[in-house]
Each structure stands twice: as structure tokens, then as C-alpha cells.
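**Student:** First the structure, which I've put down as C-alpha cells, then a few questions once you've had a look.
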Amino acid sequence: MDFLIAQSEPSDAVRALYNPLRTEKEVWVGSVPSGNREVIKDAGGPVAVIAGSISGALADVENVRRDSREELGRHAKDSDGSFAVAIPKDQSVTVVTDAGGSIPVFYGHGPEGWAVGTRVHDVAVSTGLDTVDRVSAVDFLMNASVCYPYSWYEDVRMVPPGSVCTVGREEMTCHTYWVPEEPADLYKDCDYHSWGRRLRARTKEILHSAIAGAERGRVLFSGGTDSRAVLSLMPAEFKCIPTTVLSSKNREYRLAKRSARLLGRELELIQRPENYYRSAIPYRIDRIGPGFDFRHTHLFGPVADQFEDADVVVGGYLADTLFKSHYMSNVARRNTRPDSLLDPCPDEVKPPPGDVGGSTLSKIGGAPFKDDLVAAAQKRRCEHHRHLKELRPRTAGNWHRLWPLSTLAYGSYLSGLRMQTKMVEPFLFHGNYQLAARMPDAARVDRRAFRAAFADDMGAAGWWPTDSGRIPRLGGYLGNAVRVPIRGTQRLLDALRASDGEQGSWPPFQWGWHNVQVDEHFPEEGTGLYQQRLNELMTEEAAREQFSDDDFIPVRLRALTLAFGAEKSQ
């Protein structure tokens with residue numbers, strides 16, 4: 001899905017990664033072929049490069065030629081997909097991003113000229129702006145992401161979501177065509193069945209468009225509610241294989257296999273290689289870019305290769321986040337009763353796993369790191385949040401990690417987009433993202449709108465429990481009354497018998513990493529970079545201990561990114 005557009009021709013090593021599309025008129029354009037990259041052409045050659053996928057007005061070559069950013073923005077708003085469209089001009093490039101900024105695009109103006117691209121380290125090298133931003137590094141280690149609009153590098157920034165921006169000899173100029181403004185009725189009771197019908201209609205349209213012309217597809221199938229919802233909307237005549245990736249045939253596998261059969265399909269297992277997540281770490285970081293969590297590169301290497309027999313791969317990524325209450329802080333969660341909506345708490349931000357910074361923006365809890373860097377990272381977060389509160393005064397806390405989407409632990413999506421097979425994640429598509437921004441919070445609580453959207457299509461599979469004990473078709477008191485004994489019985493069985501393998505589609509990433517050493521994964525030069533950068537970020541005492549406390553294992557793993565050097569691409 002990657003592209004790089006630069007004022008001057010990149011170095012030999014960077015250029016070797018891309019197929020050159022255009023080199024005349026002082027602008028070098030290159031892209032990496034994949035199932036998630038398209039080139040819009042006419043008789044004169046390439047007109048635009050699309051990272052991801054797009055349908056609608058913005059996919060029309062005549063519309064892409066428009067010089068007006070406002071007009072391009074109108075076409076983008078009426079289109080759908082998960083996309084970043086790059087339109088090279090004589091001495092500039094115009095980039096159109098989707099509503100959520102689902103595909104990160106970076107830009108910089110440096111001593112080597114300007115550059116725009118989807119791989120932040122290639123942009124850094126091509127502009128001569130490859131100095132690591134220490135504040136961004138601390139932000140990433142504490143919060144599992146780099147605050148928008150910053151990047152891993154001091155003077156490289158992210159192109160805004162929902163925008164049409166032009167980068168050239170001067171600084172970037174930008175037109176914003178959409179922001180996630182908060183509707184006045186967002187906090188009121190609502191007809192969640194109506195919202196469910198809209199969600200189902202959009203998702204079905206996306207899926208049927210994605211498989212048009214395809215002969216064979218795969219669905220990333222954990223057996224959970226989201227993957228069942230996606231599979232249930234697939235036409236019966238379409239050859240679509242539900243596929244799960246696991247380390248063993250555990251309980252997760254058995255539940256997924258049964259639910260797939262109830263949907264009329266046979267589950268296929270892809271065995272995850274031993275030590276899969278500990279393999280090729282420098283290459284994983286290179287693939288998704290520093291500043292994203294390499295532990296979430298699930299579709300990678302030998303696993304990704306096994307999806308190449310399909311024309312399209314479909315997932316259910318971010319359904320929990322956008323259409324349920326996973327990232328909502330204003331929700332009371334109870335084991336025996338349904339979740340309920342609390343009063344707005346706009347400054348309460350749900351922390352990521354392994355967070356060391358606290359759950360509200362008023363806290364500063366970066367104990368291992370230098371105070372000035374922690375304070376600077378906190379200031380960036382507060383500035384971003386202040387802008388978000390202008391758009392969403394009551395729900396800014398819930399959307400702090402959702403706008404742009406790339407502020408999530410996004411390695412999973414980025415690694416999938418870089419497969420050779422077309423990847424479709426319907427819940428984060430441009431149209432569904434805008435729907436999520438308008439959906440009242442009351443429709444998310446207890447999965448009300450989601451159940452209304454997909455329960456009927458699941459049929460019998462909707463009555464089969466998930467690994468968490470949920471019955472997808474049930475909510476409210478009844479749903480919880482059924483779930484509690486299922487979960488209790490499973491805990492008892494787990495205590496009485498030997499484990500039959502880690503549960504969940506992805507095992508707990510921090511386990512087995514207690515004794516990780518950077519020199520196991522990086523050559524001497526990278527190990528030296530790691531130690532140098534770590535010393536610049538941490539207090540003297542913390543640097544000596546190097547995250548000896550088990551509570552810091554996720555932070556220690558993110559810190560391996562410090563050993564990555566963009567100069568390796570030169």
C-alpha cells in the first residue's frame with residue numbers, strides 16, 4: 001500500500017523499495033505493489049496513487065484531476081473506503097485522507113527537500129529529517145502511540161485526517177472537509193434499532209462491493225461476535241473461508257469451528273509458528289514504521305503468506321472500539337448487570353495496556369522517564385485533547401484515542417494492509433467511521449445497535465457462546481445472567497484440568513519476554529543506538545535498572561523500537 005513522493009530522487013536503498021511511477025518535472029513518485037495499492041491512470045500515465053481502497057467519486061480519474069481542494073473534499077466525503085490518495089503535480093503533491101485518517105501519511109520539509117509518504121522513516125531519510133524526537137519516543141513508550149500530529153522524528157508530521165492537503169516547496173496548505181463533530185443528541189436515548197439498520201446496510205454494502213469480481217475470500221475468524229457478524233453477511237454462493245490463526249487447537253479454536261459451521265462454513269486453521277512474535281523484530285518495525293507497536297503485526301511473514309490464495313481478506317477490526325463501549329470511560333461495567341451510561345467525563349481517557357501515564361490528562365505518571373520529556377509529552381496530549389473538546393465537548397475522552405485512528409495500537413492494521421492480498425476492514429471504512437461519530441452513546445452501551453444490526457443474520461450462530469461467555473444475540477439482564485455461569489464454569493474447568501493452550505486469537509504478548517535482550521534481535525550498531533537513546537529518555541536510576549519491574553514489560557518491549565535506525569534504509 002506504500003507510496004513515496006519526493007522533491008528529489010531518494011537514495012539508492014530507499015529507491016530500491018519502490019517501483020518508480022514518475023520521475024519527470026522535478027518530482028519523484030514511487031509505490032510498492034500490493035493488494036491495497038491502486039494507481040489511477042489515463043493515456044498520459046499515472047494520475048494518482050491510492051493507498052488502501054476507495055469507491056465513489058474520488059476513484060474517478062476526471063474528479064481526481066480537479067485543482068480545487070474544496071472540490072476534492074466534496075468528492076472524498078461522498079466516497080467510501082479506507083484510503084489515502086496522493087495526486088502528484090509538477091512541483092507538489094496533493095494528499096486526500098479519509099475521515100478517520102485510517103492510513104497514516106507523513107510529510108516533511110528538510111535540507112534534502114520535501115517528501116510525502118506512508119513509511120515515516122523513508123520520509124525522514126528522503127528529507128534529511130531523521131533525528132528521533134525524544135518527546136515522541138517517551139509518548140510512545142508511555143501511551144503505546146505518538147500523539148497526533150507528531151511522528152517518531154522531530155520535524156516529520158502526519159497529514160491531517162478528513163483533509164485535502166498540498167505539500168510542495170512551501171509549507172503544507174490544507175482544507176479540512178470533515179471532523180468528528182459531536183451531534184447535539186449524542187447523549188440522549190435513541191432508537192438503537194434504527195442505528196443498527198444503518199450500520200448493517202453500510203457494512204453489507206461494503207462487503208458486497210469488496211468481493212465483487214473476486215472468486216475466493218477469507219474472513220479473519222476468531223469466532224467472536226464481530227467476525228460472526230462479518231461472515232453472516234457474506235453471500236452463500238461466495239467461496240469464503242473463515243480462517244483463524246492460533247498456536248494450538250485450544251478452546252478458542254473449538255468455539256470458532258462450531259460457530260463457523262452454524263454459519264454454513266468450515267473453519268481453516270493457520271498454525272502460528274513457534275516464537276512467531278519474537279521473530280524478525282527489526283523487519284517488523286521497518287514494515288509498519290517506528291512509533292507503532294510491532295507486537296501487533298499479526299499478519300506478517302509466514303502467516304501473511306498463507307492468505308495469498310485469496311482475492312480478498314475481510315476482518316472485523318475496531319467494531320469493539322467504534323460501535324461498542326470498549327474505549328468509553330463514561331460507562332459503568334458490572335458482572336451481573338448490563339452496562340449503563342454515566343454522566344459525561346470528557347477528560348477521562350481509557351489507558352492502553354501497560355500504560356504508565358495514568359488514565360486522566362491531569363495525571364503525570366512517567367516514573368522511569370525524565371520529567372521534562374514526560375511534561376512535554378503530556379502537553380502535546382493536552383493540546384490535542386483541547387482541540388478535540390472543541391469538536392466533542394462531552395465525549396472527547398472517548399475519542400482521544402480514536403481521532404485519528406492511527407493513535408491506536410495500529411500495527412495490526414498496518415501489517416495487514418501491506419499484504420499482497422486485498423484487505424478490507426469494514427468497520428473503519430470512511431462511511432462507517434462517520435456513522436460512528438454520529439451514533440449516540442446509548443446505542444453503544446450493551447452492544448445495542450450492534451446486536452440490532454447483526455443478530456438476525458447470525459441465525460443459530462448467534463446463540464452459540466463466544467470465548468468470553470457472551471451469547472451474541474442476548475443483552476440486558478438476560479445476556480449477563482447467561483454469561484456469568486458460562487464464564488464461571490469455564491474458570492472451574494480450567495482450574496481442574498491442564499491448560500489446552502492460550503486462549504484468544506492472539507496470546508498475551510508480554511508473556512515469555514521477561515529476559516528479552518536487545519542484542520538478541522539487533523546487530524551491534526542497533527544495540528548501541530538503543531542504549532544511547534534509552535539514556536537520553538530515562539532517569540539515571542531507571543536506565544540502570546532497565547525496566548526490571550514486571551509492570552514495565554510492555555514498555556520494555558516498545559523500547560526495542562529505539563534500536564531501529566532509519567539510516568539503515570539508505
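All residue names refer to the C-alpha cells as shown: chains lettered A, B, ... in order, residues numbered from 1 in each chain, ligands numbered from 1 in order.
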Do a neighbour search on Ala184 in chain A at 10 Å with only C-alpha atoms, toss out local chain neighbours closer than 5 positions, and write the hits as number ranges by chain.
**Tutor:** A: 392, 438, 440
**Student:** For the structure I just gave you, how does DSSP split range 271-493 of chain A - specifically, which residues are strand (DSSP E)? Reply as number ranges by chain.
**Tutor:** A: 271, 312-314, 331-332, 340-341, 422-424
**Student:** For the residues selected in the previous step, produce a file with N, CA and C atoms as a CSV table (one decimal), in the first residue's frame.
**Tutor:**
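Wrote again39.csv, looks like this:
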chain,number,residue,atom,x,y,z
A,271,GLN,N,-1.6,-22.4,11.6
A,271,GLN,CA,-0.8,-22.6,12.8
A,271,GLN,C,0.2,-21.5,12.9
A,312,VAL,N,-9.4,-11.6,-1.6
A,312,VAL,CA,-9.7,-10.6,-0.6
A,312,VAL,C,-9.8,-11.2,0.8
A,313,VAL,N,-9.3,-10.5,1.8
A,313,VAL,CA,-9.3,-10.9,3.2
A,313,VAL,C,-10.1,-9.8,3.9
A,314,VAL,N,-11.1,-10.3,4.7
A,314,VAL,CA,-12.0,-9.4,5.4
A,314,VAL,C,-11.9,-9.6,6.9
A,331,VAL,N,-18.9,4.7,31.2
A,331,VAL,CA,-19.8,3.5,31.2
A,331,VAL,C,-19.5,2.7,32.5
A,332,ALA,N,-20.5,2.4,33.2
A,332,ALA,CA,-20.4,1.6,34.4
A,332,ALA,C,-20.5,0.1,34.0
A,340,SER,N,-24.2,0.4,32.0
A,340,SER,CA,-25.0,1.6,31.9
A,340,SER,C,-24.2,2.9,31.7
A,341,LEU,N,-24.9,3.9,31.1
A,341,LEU,CA,-24.2,5.1,30.7
A,341,LEU,C,-24.1,6.0,31.9
A,422,LYS,N,-5.7,-8.1,-1.1
A,422,LYS,CA,-6.6,-7.0,-0.7
A,422,LYS,C,-7.2,-7.2,0.7
A,423,MET,N,-7.1,-6.2,1.6
A,423,MET,CA,-7.5,-6.3,3.0
A,423,MET,C,-8.7,-5.3,3.2
A,424,VAL,N,-9.8,-5.8,3.7
A,424,VAL,CA,-11.0,-5.0,3.9
A,424,VAL,C,-11.4,-5.1,5.4
**Student:** Please list as a list in words every residue within 6 Å of Cys240 in chain A, counting only C-alpha atoms and excluding residues in the same chain fewer than 3 positions away.
**Tutor:**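 Everything that qualifies: Arg216, Gly217 and Arg218 of chain A.
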**Student:** Hey, can you check how far CA of Gly100 in chain A sits from CA of His430 in chain A?
**Tutor:**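 Going from CA of Gly100 in chain A over to CA of His430 in chain A, I get 6.8 Å.
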**Student:** At most 7 Å is the cut-off: for each residue in range 161-266 of chain A with any atom that close to an atom of range 101-116 of chain A, write down the nearest atom pair and the distance in Å rounded to one decimal, counting only C-alpha atoms, chain first then increasing number, as a Markdown table.
**Tutor:**
| residue | atom | partner | partner_atom | distance |
| --- | --- | --- | --- | --- |
| A:Pro161 | CA | A:Gly101 | CA | 4.1 |
| A:Gly162 | CA | A:Gly101 | CA | 6.5 |
| A:Gly168 | CA | A:Trp114 | CA | 6.6 |
| A:Arg169 | CA | A:Trp114 | CA | 6.9 |
